[in-house]
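Quick notes on the structure that follows.
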Amino acid sequence: MSFGTMDVYLNEIENNLQSILYNKEEDQENETWKMYMERKNIVLEFLHSDLSLHLLKRHHKRIELLKKCSYYIEILPKHLALGDQNHLMLPTTMFQLVDPWRFQRMKKLGTVQTKIQLLLLTDLLEQLEQGREELVHFLETYDMVTFLARWDLVKQKLSNLSELMDNFLAMLVPGRLYVKHRLVSDVGATKIPHIRLVLSTKMPVMFDRKESVAHEDWVSLKWFITSQQSQPEQYELRFKLLEPQTQQERIQCGIMPVTSNMCEIRNLLSDRSYRFTVKRAETYTLVYEQWRDTITLETKPYPDEGMESTMCEP
């Protein structure tokens with residue numbers, strides 16, 4: 001083989017080797033890019049499903065609703081599930097067996113547990129919102145190399161947020177009240193029933209803004225509950241004249257017990273503003289209720305007498 005032929009042969013080998021190396025590098029880059037896109041899509045899927053803005057807004061509204069709810073202690077047999085309507089048929093002797101002093105202690109415990117639960121829900125939601133912002137920041141600022149290099153950090157963040165969401169969802173529904181002491185006193189030969197305490201909620205009471213109207217010297221008020229209630233309830237309605245101008249006008253206020261979801265209040269002053277507040281009447285088992293819905297209505301002025309006479313002319 002001549003030297004010229006040898007040079008051509010060696011050049012061909014070198015070119016082939018470079019082509020092989022280039023193809024390998026290209027394949028590696030393709031694999032790296034594929035891995036990057038797969039992992040990026042995992043984060044995107046998590047943001048669009050488990051941690052979407054729409055879902056977080058729904059949870060925020062749910063917490064605001066829970067803050068307006070009324071919370072009660074329910075005494076249930078251990079075999080009965082929360083929400084089972086059969087417990088309404090339990091004999092009244094169930095409460096008679098409960099030690100009143102210990103029950104008051106349990107009510108205080110229920111109040112504390114409810115407040116803590118609402119605070120924890122708010123805190124967990126803030127952590128979820130912050131975690132979402134961090135994941136979005138990762139996607140927007142990390143290039144491919146940085147994203148893959150910090151994938152373990154991102155993966156741990158996904159795991160932590162998933163666990164946070166599970167804890168958040170579990171706390172949305174009030175559950176068992178944790179009791180450290182016996183609630184039922186010794187009753188001699190009477191068999192002590194197996195009972196448990198749970199926290200239950202009732203949806204908030206809200207004025208019907210369309211149906212609540214004011215007339216010259218009276219108002220018609222109507223309110224509703226955001227969910228259907230099978231049992232009748234009692235309410236407490238308050239009213240007060242705003243900006244009274246005389247000592248006599250200061251007595252334009254009061255508290256009224258109401259057994260339905262509507263009420264009329266008469267003998268009011270015309271062309272004046274009144275504030276009305278409604279809430280559930282307190283019961284023996286109530287442990288926490290902060291919400292009071294309020295509406296302000298202005299009574300209408302009486303028609304001018306001159307105008308009335310003009311309207312009456314044929």
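Chain lettering (A, B, ...) mirrors the order of the structure tokens, residue numbering begins at 1 for each chain separately, and ligand numbering begins at 1 in order of display.
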Any idea what's packed within 7 Å of Tyr288 (chain A), counting only C-alpha atoms, ignoring anything in its chain fewer than 3 positions away? Could you give it as a list in words?
-> Ser70, Tyr71 and Thr111 of chain A
Please identify the strand (DSSP E) residues within region 89-303 of chain A (assignment by DSSP from backbone atoms) and present them as a tab-separated table (two decimals) with N, CA, C and O atoms, in the first residue's frame.
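As written to disk, states_28.tsv reads:
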chain	number	residue	atom	x	y	z
A	195	ILE	N	-69.78	4.92	74.68
A	195	ILE	CA	-70.06	6.12	73.91
A	195	ILE	C	-68.76	6.76	73.45
A	195	ILE	O	-67.68	6.44	73.95
A	196	ARG	N	-68.88	7.67	72.50
A	196	ARG	CA	-67.73	8.45	72.05
A	196	ARG	C	-68.23	9.86	71.74
A	196	ARG	O	-69.41	10.09	71.48
A	197	LEU	N	-67.31	10.79	71.80
A	197	LEU	CA	-67.63	12.19	71.51
A	197	LEU	C	-67.05	12.57	70.16
A	197	LEU	O	-65.91	12.23	69.85
A	198	VAL	N	-67.83	13.27	69.36
A	198	VAL	CA	-67.36	13.76	68.07
A	198	VAL	C	-67.77	15.21	67.92
A	198	VAL	O	-68.75	15.66	68.53
A	199	LEU	N	-67.02	15.94	67.14
A	199	LEU	CA	-67.37	17.31	66.78
A	199	LEU	C	-68.14	17.29	65.46
A	199	LEU	O	-67.69	16.68	64.49
A	200	SER	N	-69.26	17.95	65.43
A	200	SER	CA	-70.04	18.05	64.20
A	200	SER	C	-70.24	19.52	63.86
A	200	SER	O	-70.08	20.40	64.71
A	201	THR	N	-70.58	19.79	62.62
A	201	THR	CA	-70.75	21.17	62.16
A	201	THR	C	-72.14	21.40	61.59
A	201	THR	O	-72.78	20.46	61.09
A	202	LYS	N	-72.57	22.63	61.68
A	202	LYS	CA	-73.77	23.08	60.97
A	202	LYS	C	-73.37	24.29	60.14
A	202	LYS	O	-72.62	25.15	60.58
A	205	VAL	N	-75.70	30.48	59.11
A	205	VAL	CA	-76.98	31.13	58.83
A	205	VAL	C	-76.69	32.46	58.13
A	205	VAL	O	-75.87	33.24	58.59
A	206	MET	N	-77.38	32.70	57.02
A	206	MET	CA	-77.14	33.92	56.23
A	206	MET	C	-78.45	34.57	55.82
A	206	MET	O	-79.42	33.88	55.47
A	207	PHE	N	-78.46	35.88	55.85
A	207	PHE	CA	-79.65	36.61	55.40
A	207	PHE	C	-79.84	36.44	53.90
A	207	PHE	O	-78.88	36.38	53.13
A	213	VAL	N	-86.48	42.92	53.05
A	213	VAL	CA	-86.82	44.26	52.54
A	213	VAL	C	-87.35	45.14	53.67
A	213	VAL	O	-87.89	44.65	54.67
A	214	ALA	N	-87.19	46.45	53.49
A	214	ALA	CA	-87.67	47.43	54.47
A	214	ALA	C	-88.82	48.22	53.88
A	214	ALA	O	-88.84	48.55	52.69
A	219	VAL	N	-89.92	45.99	58.76
A	219	VAL	CA	-89.06	45.24	57.84
A	219	VAL	C	-89.50	43.78	57.84
A	219	VAL	O	-90.05	43.27	58.82
A	220	SER	N	-89.24	43.13	56.72
A	220	SER	CA	-89.47	41.70	56.58
A	220	SER	C	-88.12	41.05	56.32
A	220	SER	O	-87.46	41.35	55.32
A	221	LEU	N	-87.72	40.18	57.21
A	221	LEU	CA	-86.40	39.55	57.14
A	221	LEU	C	-86.54	38.07	56.86
A	221	LEU	O	-87.47	37.41	57.35
A	222	LYS	N	-85.60	37.56	56.08
A	222	LYS	CA	-85.58	36.14	55.78
A	222	LYS	C	-84.12	35.69	55.71
A	222	LYS	O	-83.26	36.40	55.23
A	223	TRP	N	-83.87	34.50	56.22
A	223	TRP	CA	-82.51	33.94	56.20
A	223	TRP	C	-82.56	32.48	55.81
A	223	TRP	O	-83.63	31.85	55.77
A	224	PHE	N	-81.41	31.93	55.52
A	224	PHE	CA	-81.34	30.54	55.07
A	224	PHE	C	-80.03	29.92	55.54
A	224	PHE	O	-79.13	30.60	56.04
A	225	ILE	N	-79.95	28.63	55.38
A	225	ILE	CA	-78.73	27.87	55.69
A	225	ILE	C	-78.24	27.26	54.40
A	225	ILE	O	-79.03	26.80	53.58
A	235	TYR	N	-83.44	30.53	66.43
A	235	TYR	CA	-82.49	31.57	66.07
A	235	TYR	C	-82.62	32.75	67.03
A	235	TYR	O	-83.63	32.90	67.72
A	236	GLU	N	-81.59	33.55	67.02
A	236	GLU	CA	-81.59	34.79	67.81
A	236	GLU	C	-81.40	35.95	66.85
A	236	GLU	O	-80.40	36.03	66.14
A	237	LEU	N	-82.39	36.85	66.82
A	237	LEU	CA	-82.37	37.99	65.91
A	237	LEU	C	-82.18	39.28	66.72
A	237	LEU	O	-82.91	39.52	67.69
A	238	ARG	N	-81.22	40.09	66.34
A	238	ARG	CA	-80.97	41.37	67.00
A	238	ARG	C	-81.19	42.50	65.99
A	238	ARG	O	-80.88	42.34	64.81
A	239	PHE	N	-81.69	43.62	66.49
A	239	PHE	CA	-81.82	44.79	65.63
A	239	PHE	C	-81.44	46.03	66.42
A	239	PHE	O	-81.56	46.08	67.66
A	240	LYS	N	-80.98	47.05	65.71
A	240	LYS	CA	-80.53	48.27	66.37
A	240	LYS	C	-80.61	49.44	65.39
A	240	LYS	O	-80.18	49.33	64.23
A	241	LEU	N	-81.14	50.55	65.88
A	241	LEU	CA	-81.18	51.78	65.09
A	241	LEU	C	-79.78	52.38	65.03
A	241	LEU	O	-79.12	52.54	66.05
A	253	CYS	N	-83.97	49.12	69.71
A	253	CYS	CA	-83.08	47.97	69.58
A	253	CYS	C	-83.72	46.81	70.35
A	253	CYS	O	-84.66	47.01	71.13
A	254	GLY	N	-83.23	45.63	70.12
A	254	GLY	CA	-83.79	44.50	70.84
A	254	GLY	C	-83.24	43.17	70.37
A	254	GLY	O	-82.51	43.08	69.38
A	255	ILE	N	-83.59	42.11	71.13
A	255	ILE	CA	-83.21	40.73	70.82
A	255	ILE	C	-84.49	39.91	70.78
A	255	ILE	O	-85.31	39.97	71.70
A	256	MET	N	-84.66	39.14	69.71
A	256	MET	CA	-85.89	38.38	69.52
A	256	MET	C	-85.56	36.91	69.25
A	256	MET	O	-84.76	36.61	68.35
A	257	PRO	N	-86.17	35.98	70.01
A	257	PRO	CA	-86.05	34.56	69.66
A	257	PRO	C	-87.00	34.23	68.52
A	257	PRO	O	-88.16	34.66	68.51
A	258	VAL	N	-86.53	33.48	67.55
A	258	VAL	CA	-87.33	33.15	66.37
A	258	VAL	C	-87.21	31.65	66.12
A	258	VAL	O	-86.12	31.08	66.22
A	262	MET	N	-87.87	33.31	59.10
A	262	MET	CA	-88.32	34.64	58.68
A	262	MET	C	-88.93	35.36	59.87
A	262	MET	O	-89.36	34.73	60.84
A	263	CYS	N	-88.96	36.69	59.76
A	263	CYS	CA	-89.48	37.48	60.88
A	263	CYS	C	-89.83	38.87	60.38
A	263	CYS	O	-89.17	39.41	59.48
A	264	GLU	N	-90.86	39.45	60.97
A	264	GLU	CA	-91.22	40.83	60.70
A	264	GLU	C	-91.04	41.65	61.98
A	264	GLU	O	-91.43	41.22	63.06
A	265	ILE	N	-90.43	42.82	61.84
A	265	ILE	CA	-90.24	43.74	62.97
A	265	ILE	C	-90.98	45.03	62.64
A	265	ILE	O	-90.69	45.67	61.62
A	273	SER	N	-81.80	54.07	59.16
A	273	SER	CA	-81.03	52.85	58.92
A	273	SER	C	-80.99	51.98	60.18
A	273	SER	O	-80.74	52.48	61.28
A	274	TYR	N	-81.23	50.70	59.98
A	274	TYR	CA	-81.20	49.73	61.06
A	274	TYR	C	-80.22	48.61	60.70
A	274	TYR	O	-80.09	48.21	59.53
A	275	ARG	N	-79.55	48.10	61.73
A	275	ARG	CA	-78.67	46.94	61.54
A	275	ARG	C	-79.33	45.72	62.18
A	275	ARG	O	-79.77	45.77	63.33
A	276	PHE	N	-79.35	44.60	61.41
A	276	PHE	CA	-79.95	43.36	61.88
A	276	PHE	C	-78.90	42.26	61.87
A	276	PHE	O	-78.10	42.15	60.94
A	277	THR	N	-78.93	41.44	62.92
A	277	THR	CA	-77.96	40.34	63.06
A	277	THR	C	-78.72	39.07	63.41
A	277	THR	O	-79.62	39.09	64.26
A	278	VAL	N	-78.34	37.97	62.77
A	278	VAL	CA	-78.99	36.69	63.05
A	278	VAL	C	-77.93	35.62	63.31
A	278	VAL	O	-76.86	35.63	62.72
A	279	LYS	N	-78.26	34.72	64.22
A	279	LYS	CA	-77.41	33.58	64.51
A	279	LYS	C	-78.27	32.48	65.12
A	279	LYS	O	-79.44	32.72	65.47
A	280	ARG	N	-77.72	31.30	65.23
A	280	ARG	CA	-78.43	30.23	65.92
A	280	ARG	C	-78.50	30.52	67.42
A	280	ARG	O	-77.58	31.09	68.00
A	286	LEU	N	-73.40	23.29	72.10
A	286	LEU	CA	-72.60	24.21	71.27
A	286	LEU	C	-71.23	24.43	71.91
A	286	LEU	O	-71.12	24.71	73.10
A	287	VAL	N	-70.18	24.34	71.09
A	287	VAL	CA	-68.82	24.56	71.61
A	287	VAL	C	-68.12	25.74	70.95
A	287	VAL	O	-67.24	26.36	71.53
A	288	TYR	N	-68.52	26.10	69.71
A	288	TYR	CA	-67.83	27.20	69.03
A	288	TYR	C	-68.72	27.76	67.94
A	288	TYR	O	-69.25	27.03	67.10
A	293	ASP	N	-74.26	36.81	60.91
A	293	ASP	CA	-74.51	37.51	59.65
A	293	ASP	C	-75.25	38.81	59.95
A	293	ASP	O	-76.17	38.86	60.78
A	294	THR	N	-74.85	39.87	59.27
A	294	THR	CA	-75.39	41.20	59.52
A	294	THR	C	-75.86	41.83	58.22
A	294	THR	O	-75.21	41.68	57.18
A	295	ILE	N	-76.98	42.52	58.30
A	295	ILE	CA	-77.51	43.23	57.14
A	295	ILE	C	-78.00	44.60	57.62
A	295	ILE	O	-78.53	44.73	58.73
A	296	THR	N	-77.80	45.61	56.81
A	296	THR	CA	-78.27	46.96	57.12
A	296	THR	C	-79.35	47.35	56.12
A	296	THR	O	-79.13	47.26	54.91
A	297	LEU	N	-80.50	47.76	56.64
A	297	LEU	CA	-81.62	48.16	55.79
A	297	LEU	C	-82.07	49.57	56.20
A	297	LEU	O	-81.98	49.94	57.37
A	298	GLU	N	-82.56	50.31	55.24
A	298	GLU	CA	-83.05	51.66	55.49
A	298	GLU	C	-84.55	51.70	55.23
A	298	GLU	O	-85.01	51.36	54.12
Atomic distance CA of Trp218 (chain A) - CA of Gln234 (chain A), expressed in Å with one decimal |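 A separation of 22.1 Å between them.
The interatomic distance for the pair CA of Tyr72 (chain A) and CA of Asp208 (chain A) works out to 24.6 Å.
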Contacts of Leu44 (chain A) within 12 Å, only C-alpha atoms, excl. fewer than 2 positions in-chain, as number ranges by chain | A: 37-42, 46-52, 132, 135-140, 154, 158
